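The file structure26.tsv comes next; it holds TSV, C-alpha atoms and all ligand atoms.
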```tsv
chain	number	residue	atom	x	y	z
A	1	MET	CA	64.08	130.14	102.67
A	2	THR	CA	66.46	129.60	105.64
A	3	ASP	CA	70.26	129.79	105.35
A	4	ILE	CA	70.36	126.03	105.45
A	5	ASP	CA	67.79	125.68	102.66
A	6	SER	CA	69.83	127.99	100.47
A	7	LEU	CA	73.07	126.11	101.24
A	8	LEU	CA	71.41	122.85	100.17
A	9	ASN	CA	69.93	124.40	97.06
A	10	LYS	CA	72.59	124.22	94.34
A	11	PRO	CA	72.08	124.92	90.66
A	12	GLU	CA	73.97	121.72	89.81
A	13	PHE	CA	71.31	119.64	91.59
A	14	PRO	CA	67.94	121.28	90.92
A	15	LEU	CA	65.75	118.30	91.86
A	16	SER	CA	67.51	117.73	95.19
A	17	GLY	CA	67.00	121.35	96.17
A	18	ARG	CA	63.24	120.78	96.34
A	19	TYR	CA	63.51	118.36	99.28
A	20	ASP	CA	62.98	119.44	102.87
A	21	SER	CA	66.31	120.32	104.52
A	22	ASP	CA	65.49	118.72	107.87
A	23	TRP	CA	64.48	115.50	106.13
A	24	VAL	CA	67.76	115.40	104.19
A	25	LEU	CA	69.93	116.25	107.21
A	26	ASP	CA	68.15	114.00	109.69
A	27	ASN	CA	68.51	111.00	107.39
A	28	GLN	CA	71.99	111.62	105.96
A	29	MET	CA	74.71	109.02	106.39
A	30	GLY	CA	77.51	110.76	104.51
A	31	PRO	CA	77.91	113.26	101.68
A	32	ASN	CA	74.52	114.46	100.42
A	33	ALA	CA	73.05	111.33	98.85
A	34	LEU	CA	70.47	113.30	96.87
A	35	TRP	CA	73.12	115.35	95.09
A	36	LEU	CA	75.04	112.19	94.28
A	37	VAL	CA	72.08	110.23	92.98
A	38	GLU	CA	70.88	113.21	90.93
A	39	TRP	CA	74.32	113.37	89.31
A	40	LEU	CA	74.24	109.62	88.65
A	41	LEU	CA	70.79	109.80	87.08
A	42	ASN	CA	71.89	112.53	84.66
A	43	ALA	CA	73.78	109.72	82.95
A	44	LEU	CA	71.38	106.89	83.71
A	45	PRO	CA	67.87	107.80	82.68
A	46	LEU	CA	65.19	105.93	84.59
A	47	LYS	CA	61.81	105.23	83.03
A	48	SER	CA	58.54	104.97	84.89
A	49	GLY	CA	57.73	101.43	86.00
A	50	MET	CA	61.31	100.15	85.93
A	51	ARG	CA	62.48	97.81	88.71
A	52	VAL	CA	65.45	99.39	90.49
A	53	LEU	CA	67.68	97.99	93.24
A	54	ASP	CA	69.12	100.67	95.55
A	55	LEU	CA	71.98	98.70	97.07
A	56	GLY	CA	73.23	100.05	100.41
A	57	CYS	CA	70.38	102.57	100.45
A	58	GLY	CA	71.00	103.61	104.06
A	59	ARG	CA	67.97	105.55	105.24
A	60	SER	CA	66.52	105.29	101.73
A	61	LEU	CA	66.69	108.97	100.78
A	62	THR	CA	67.79	107.94	97.30
A	63	SER	CA	65.12	105.22	96.99
A	64	ILE	CA	62.40	107.73	97.83
A	65	PHE	CA	63.94	110.28	95.46
A	66	MET	CA	63.98	107.83	92.53
A	67	ALA	CA	60.41	106.66	93.17
A	68	ARG	CA	59.13	110.23	93.42
A	69	GLU	CA	61.08	111.80	90.59
A	70	PHE	CA	60.98	108.97	88.05
A	71	GLY	CA	57.99	106.78	88.99
A	72	VAL	CA	60.16	103.66	89.30
A	73	GLN	CA	59.72	100.77	91.72
A	74	VAL	CA	62.65	100.61	94.13
A	75	TRP	CA	63.87	97.73	96.27
A	76	ALA	CA	65.66	99.59	99.07
A	77	ALA	CA	68.26	97.14	100.37
A	78	ASP	CA	70.57	97.84	103.27
A	79	LEU	CA	72.59	96.01	105.89
A	80	TRP	CA	72.81	98.39	108.85
A	81	ILE	CA	69.49	100.22	108.67
A	82	THR	CA	66.29	98.54	109.71
A	83	PRO	CA	63.61	98.20	107.01
A	84	ASP	CA	60.98	99.14	109.64
A	85	HIS	CA	62.25	102.72	109.64
A	86	ASN	CA	62.79	102.84	105.88
A	87	TRP	CA	59.22	101.68	105.36
A	88	LYS	CA	57.92	104.48	107.61
A	89	ARG	CA	59.98	107.00	105.65
A	90	ALA	CA	58.67	105.68	102.32
A	91	GLU	CA	55.07	105.81	103.53
A	92	ALA	CA	55.50	109.31	104.93
A	93	ALA	CA	56.96	110.44	101.60
A	94	GLY	CA	53.92	109.09	99.74
A	95	VAL	CA	55.79	106.28	97.95
A	96	GLY	CA	54.80	103.34	100.13
A	97	ASN	CA	53.50	101.55	97.05
A	98	SER	CA	56.74	101.81	95.12
A	99	VAL	CA	59.59	101.62	97.66
A	100	PHE	CA	60.12	98.15	99.14
A	101	PRO	CA	62.61	98.17	102.04
A	102	LEU	CA	64.52	95.08	103.07
A	103	ARG	CA	67.54	94.08	105.10
A	104	ALA	CA	70.07	92.50	102.78
A	105	GLU	CA	73.76	91.73	102.76
A	106	ALA	CA	75.34	92.55	99.40
A	107	HIS	CA	76.65	89.00	98.94
A	108	ALA	CA	73.34	87.33	99.78
A	109	LEU	CA	70.77	89.20	97.71
A	110	PRO	CA	67.33	87.58	97.85
A	111	PHE	CA	66.31	88.23	94.25
A	112	PRO	CA	65.86	86.12	91.12
A	113	ALA	CA	68.42	86.35	88.34
A	114	ASN	CA	67.60	88.95	85.63
A	115	PHE	CA	65.09	90.74	87.90
A	116	PHE	CA	66.19	94.40	87.83
A	117	ASP	CA	66.25	96.93	85.02
A	118	VAL	CA	68.73	99.05	86.95
A	119	VAL	CA	70.95	98.65	90.02
A	120	VAL	CA	72.24	101.81	91.70
A	121	SER	CA	74.49	102.24	94.69
A	122	ILE	CA	75.33	105.56	96.29
A	123	ASP	CA	78.28	105.88	98.68
A	124	ALA	CA	78.05	102.18	99.49
A	125	TYR	CA	79.59	100.10	96.68
A	126	GLN	CA	83.11	100.71	98.03
A	127	TYR	CA	82.22	98.58	101.06
A	128	PHE	CA	81.90	95.40	99.01
A	129	GLY	CA	82.48	96.14	95.30
A	130	THR	CA	86.28	96.37	95.19
A	131	ASP	CA	86.45	92.57	95.35
A	132	VAL	CA	87.16	91.23	91.85
A	133	LEU	CA	84.51	88.55	92.27
A	134	TYR	CA	81.67	90.90	93.16
A	135	LEU	CA	80.61	92.41	89.84
A	136	GLY	CA	80.07	89.00	88.22
A	137	TYR	CA	77.76	88.12	91.09
A	138	LEU	CA	75.83	91.41	91.13
A	139	SER	CA	75.34	91.54	87.37
A	140	ARG	CA	73.30	88.32	87.45
A	141	PHE	CA	70.43	90.24	89.08
A	142	LEU	CA	70.21	92.63	86.12
A	143	ARG	CA	68.30	91.76	83.00
A	144	PRO	CA	70.51	91.64	79.89
A	145	GLU	CA	71.03	95.27	78.72
A	146	GLY	CA	70.08	96.49	82.21
A	147	TYR	CA	72.24	99.18	83.81
A	148	LEU	CA	74.45	99.31	86.88
A	149	GLY	CA	75.39	102.77	88.15
A	150	ILE	CA	77.37	103.70	91.22
A	151	VAL	CA	78.78	106.81	92.87
A	152	THR	CA	81.51	106.39	95.46
A	153	PRO	CA	84.00	108.64	97.18
A	154	GLY	CA	87.18	108.28	95.19
A	155	LEU	CA	90.75	109.33	94.58
A	156	MET	CA	91.35	111.92	91.90
A	157	GLN	CA	94.89	110.62	91.39
A	158	PRO	CA	96.70	107.45	92.50
A	159	ILE	CA	98.58	107.43	95.81
A	160	THR	CA	101.06	105.09	97.39
A	161	ASP	CA	101.23	106.98	100.68
A	162	VAL	CA	98.46	109.05	102.23
A	163	PRO	CA	99.05	112.78	101.63
A	164	GLU	CA	100.07	114.57	104.82
A	165	HIS	CA	97.15	117.01	104.77
A	166	LEU	CA	94.68	114.12	104.94
A	167	VAL	CA	96.21	112.57	108.05
A	168	ARG	CA	96.88	115.86	109.85
A	169	PRO	CA	94.22	116.29	112.59
A	170	GLN	CA	91.68	119.01	111.83
A	171	SER	CA	91.02	121.70	114.43
A	172	ASN	CA	88.12	119.56	115.77
A	173	GLY	CA	90.62	116.71	116.32
A	174	LYS	CA	89.17	114.48	113.59
A	175	VAL	CA	91.58	112.88	111.11
A	176	PHE	CA	90.03	112.58	107.64
A	177	TRP	CA	91.88	109.49	106.45
A	178	GLU	CA	90.91	106.21	108.09
A	179	ASP	CA	91.95	102.73	106.96
A	180	GLU	CA	88.56	102.36	105.23
A	181	CYS	CA	89.58	105.16	102.85
A	182	TRP	CA	91.81	102.66	101.05
A	183	SER	CA	88.54	101.55	99.43
A	184	PHE	CA	88.52	104.93	97.61
A	185	LYS	CA	89.81	104.25	94.09
A	186	THR	CA	90.67	106.33	91.06
A	187	PRO	CA	88.44	106.47	87.94
A	188	ASP	CA	91.08	104.47	86.05
A	189	TRP	CA	91.04	101.82	88.74
A	190	TRP	CA	87.25	101.39	88.43
A	191	LEU	CA	87.44	101.37	84.64
A	192	GLU	CA	90.00	98.58	84.66
A	193	HIS	CA	88.21	96.68	87.44
A	194	TRP	CA	84.86	96.66	85.63
A	195	SER	CA	86.27	96.22	82.12
A	196	ARG	CA	87.65	92.84	83.15
A	197	SER	CA	84.18	91.44	83.86
A	198	ALA	CA	82.38	89.54	81.09
A	199	GLY	CA	79.13	90.31	82.92
A	200	VAL	CA	79.09	93.99	81.84
A	201	THR	CA	79.93	96.11	78.83
A	202	ASP	CA	79.96	99.81	77.81
A	203	VAL	CA	81.76	100.81	80.99
A	204	ARG	CA	81.92	104.59	81.52
A	205	VAL	CA	83.68	106.24	84.44
A	206	ASP	CA	84.07	109.90	85.32
A	207	THR	CA	84.34	112.26	88.28
A	208	LEU	CA	82.02	114.88	89.71
A	209	ARG	CA	83.25	118.35	88.86
A	210	ASP	CA	84.18	120.07	92.15
A	211	GLY	CA	83.10	116.97	94.06
A	212	TRP	CA	85.33	117.95	97.00
A	213	ARG	CA	83.57	121.33	97.19
A	214	HIS	CA	80.11	119.77	97.30
A	215	TRP	CA	81.28	117.34	100.00
A	216	ARG	CA	82.88	120.19	102.00
A	217	ASP	CA	79.76	122.33	101.62
A	218	PHE	CA	77.56	119.54	102.92
A	219	GLU	CA	79.86	119.03	105.92
A	220	GLN	CA	79.55	122.76	106.60
A	221	VAL	CA	75.75	122.59	106.39
A	222	LEU	CA	75.84	119.80	108.95
A	223	GLU	CA	78.03	121.93	111.23
A	224	VAL	CA	75.72	124.94	110.93
A	225	SER	CA	72.58	122.87	111.49
A	226	GLY	CA	74.04	121.00	114.47
A	227	LYS	CA	72.87	117.74	112.89
A	228	SER	CA	76.29	116.13	112.38
A	229	VAL	CA	76.54	112.56	113.57
A	230	PHE	CA	80.33	112.54	113.21
A	231	PRO	CA	82.86	115.38	113.58
A	232	SER	CA	83.09	117.45	110.41
A	233	ASP	CA	85.62	116.75	107.63
A	234	ALA	CA	85.11	120.17	106.04
A	235	GLU	CA	88.56	121.46	106.99
A	236	ALA	CA	90.42	118.50	105.47
A	237	LEU	CA	88.38	118.69	102.27
A	238	ASP	CA	89.11	122.38	102.06
A	239	ARG	CA	92.83	121.75	102.47
A	240	ASP	CA	92.65	119.14	99.76
A	241	GLN	CA	90.80	121.31	97.19
A	242	GLY	CA	90.04	118.19	95.15
A	243	ARG	CA	93.66	117.27	94.48
A	244	TYR	CA	93.03	113.76	95.88
A	245	ILE	CA	89.46	113.46	97.16
A	246	GLY	CA	86.24	113.57	95.15
A	247	PHE	CA	83.51	111.36	93.74
A	248	VAL	CA	83.66	108.74	91.03
A	249	ARG	CA	80.68	107.69	88.92
A	250	ALA	CA	80.75	104.35	87.09
A	251	ILE	CA	78.08	103.02	84.74
A	252	ALA	CA	77.88	99.78	82.81
A	253	ARG	CA	75.36	97.66	80.96
A	254	ARG	CA	74.84	93.98	81.53
A	255	THR	CA	75.83	91.57	78.77
A	256	GLY	CA	73.99	88.33	78.05
A	257	THR	CA	76.57	86.40	80.07
A	258	ALA	CA	74.98	85.20	83.31
A	259	GLY	CA	77.16	85.64	86.40
A	260	VAL	CA	77.70	82.63	88.61
A	261	ASN	CA	76.36	82.89	92.14
A	262	LEU	CA	79.60	82.22	93.99
A	263	TYR	CA	78.04	83.21	97.30
A	264	ASP	CA	75.16	80.74	97.18
A	265	PRO	CA	75.70	78.23	100.02
A	266	ALA	CA	74.17	75.55	97.78
A	267	THR	CA	76.85	76.03	95.09
A	268	GLY	CA	78.68	72.85	96.03
A	269	ALA	CA	75.52	70.73	95.98
A	270	GLN	CA	74.42	72.19	92.64
A	271	ALA	CA	77.81	71.34	91.18
A	272	GLY	CA	77.35	67.78	92.39
A	273	VAL	CA	80.38	68.04	94.64
A	274	ASP	CA	80.35	65.84	97.71
A	275	TRP	CA	82.00	68.29	100.18
A	301	LIG	C1	77.82	105.57	104.02
A	301	LIG	S1	76.32	104.68	104.07
A	301	LIG	C2	75.45	105.37	102.71
A	301	LIG	C3	74.00	105.10	102.75
A	301	LIG	C4	73.17	105.74	101.63
A	301	LIG	N1	73.42	105.15	100.34
A	301	LIG	C5	73.43	107.23	101.57
A	301	LIG	O1	74.19	107.65	100.72
A	301	LIG	O2	72.89	107.92	102.44
A	301	LIG	C6	76.79	103.09	103.46
A	301	LIG	C7	75.68	102.06	103.47
A	301	LIG	O3	76.18	100.87	102.89
A	301	LIG	C8	75.56	99.79	103.53
A	301	LIG	N2	76.40	98.60	103.42
A	301	LIG	C9	77.70	98.47	103.78
A	301	LIG	N3	78.11	97.21	103.58
A	301	LIG	C10	77.05	96.54	103.09
A	301	LIG	C11	76.84	95.20	102.69
A	301	LIG	N4	77.82	94.30	102.77
A	301	LIG	N5	75.62	94.84	102.23
A	301	LIG	C12	74.61	95.76	102.13
A	301	LIG	N6	74.75	97.05	102.50
A	301	LIG	C13	75.95	97.43	102.97
A	301	LIG	C14	75.42	100.20	104.97
A	301	LIG	O4	74.37	99.49	105.60
A	301	LIG	C15	75.19	101.69	104.87
A	301	LIG	O5	73.85	102.06	105.03
```

Take the structure in the file and give it back as structure tokens.
Amino acid sequence: MTDIDSLLNKPEFPLSGRYDSDWVLDNQMGPNALWLVEWLLNALPLKSGMRVLDLGCGRSLTSIFMAREFGVQVWAADLWITPDHNWKRAEAAGVGNSVFPLRAEAHALPFPANFFDVVVSIDAYQYFGTDVLYLGYLSRFLRPEGYLGIVTPGLMQPITDVPEHLVRPQSNGKVFWEDECWSFKTPDWWLEHWSRSAGVTDVRVDTLRDGWRHWRDFEQVLEVSGKSVFPSDAEALDRDQGRYIGFVRAIARRTGTAGVNLYDPATGAQAGVDW
């Protein structure tokens, strides 16, 4: 086992540790997606044959992981990453028959209502899911009783101003906090946000123990391996020690209430409105 293998092999994430380090590092798009999805699935048991949407799957590491580990069928939907490459990755990983890659924008999902048993989203939901209208829309694609589970970077306590240590440049010049980080929310924020939706029930929200440390460790692995795409944030995460930055997990179950498709361009015509 190389140094990098052992750094990626953590007792908290035993399934993830079995995956090839180069494969994980070459396809990463942020904090180790396998660790995050393994944590999510501890609370969201998948059963063989289920239909799962992996929303914002990136390079589909998590889609391949779910298909391999749980025997589910995964629709691997992403905006920025071409399905051509995700298909090659799925085939190479031996799950070409159960991972179905597609390009999709989160507000224009090409699926029938009630189609999925489970929707998951790893390090992606913050890009679109903080909008109060979004959950009602997304929940319509779940069958009643189906589960939605997300993991996003989050705030461990509320802030009004950004803490100084997160805007102070690191020794590599990179500043951790960018405007996009305002999409990081506290567990209480997510609980309130989701509890307001009639489309879901049984909302549970928690944080990953030592999430900052896992994120920092992964940044350090990227530094050591020379496979970073962006300058490392390890120093800022180390300064923070989890006082503000970590990961939030939110899980909910769909109710019988069907969400309206507010983003369907035909909404006006269906409502009989002559716009
Ligand atoms: C930080 S990457 C994480 C990718 C992957 N889940 C992972 O953890 O490796 C965020 C992903 O969200 C996707 N995304 C962002 N906005 C989106 C949108 N409006 N619709 C669909 N996907 C979106 C991007 O295409 C990108 O791949």

Task: ligand LIG 301 (chain A) neighbours within 10 Å using only C-alpha atoms and all ligand atoms, as an NGL selection string - done: :A and (24 or 27-37 or 54-63 or 76-82 or 103-109 or 120-129 or 151-153)

Task: Selected residue of minimal separation from Gly71 in chain A among A:Asn86, A:Ser98, A:Glu91, A:Thr186, counting only C-alpha atoms - done: A:Ser98

Task: Neighbour list for Val162 in chain A as a ChimeraX atom specification, cut-off 10 Å, all atoms listed in the file, skip fewer than 5 positions in-chain - done: /A:167,177-178,181-182,244

Task: Contact residues around range 144-148 of chain A with all atoms listed in the file at 7 Å, ignoring same-chain residues under 2 positions, as JSON, numbers by chain - done: {"A": [114, 117, 118, 119, 120, 142, 150, 251, 252, 253, 254, 255, 256]}

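Put simply, CA of Trp87 in chain A is 14.7 Å away from CA of Arg68 in chain A.
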
TODO: Could you tell me which of A:Ser6, A:Thr207, A:Gln73, A:Ser139 comes closest to Asp188 in chain A if we count all atoms listed in the file?
DONE: A:Thr207

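Minimum atom-to-atom distances from A:Leu262, A:Leu40, A:Met156, A:Val224 to Asp210 in chain A were compared using only C-alpha atoms, and the lowest value belongs to A:Met156.
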
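Take the candidates A:Trp39, A:Tyr263, A:Trp212, A:Phe141 and check each one against Ala250 in chain A using only C-alpha atoms; the shortest distance goes to A:Trp39.
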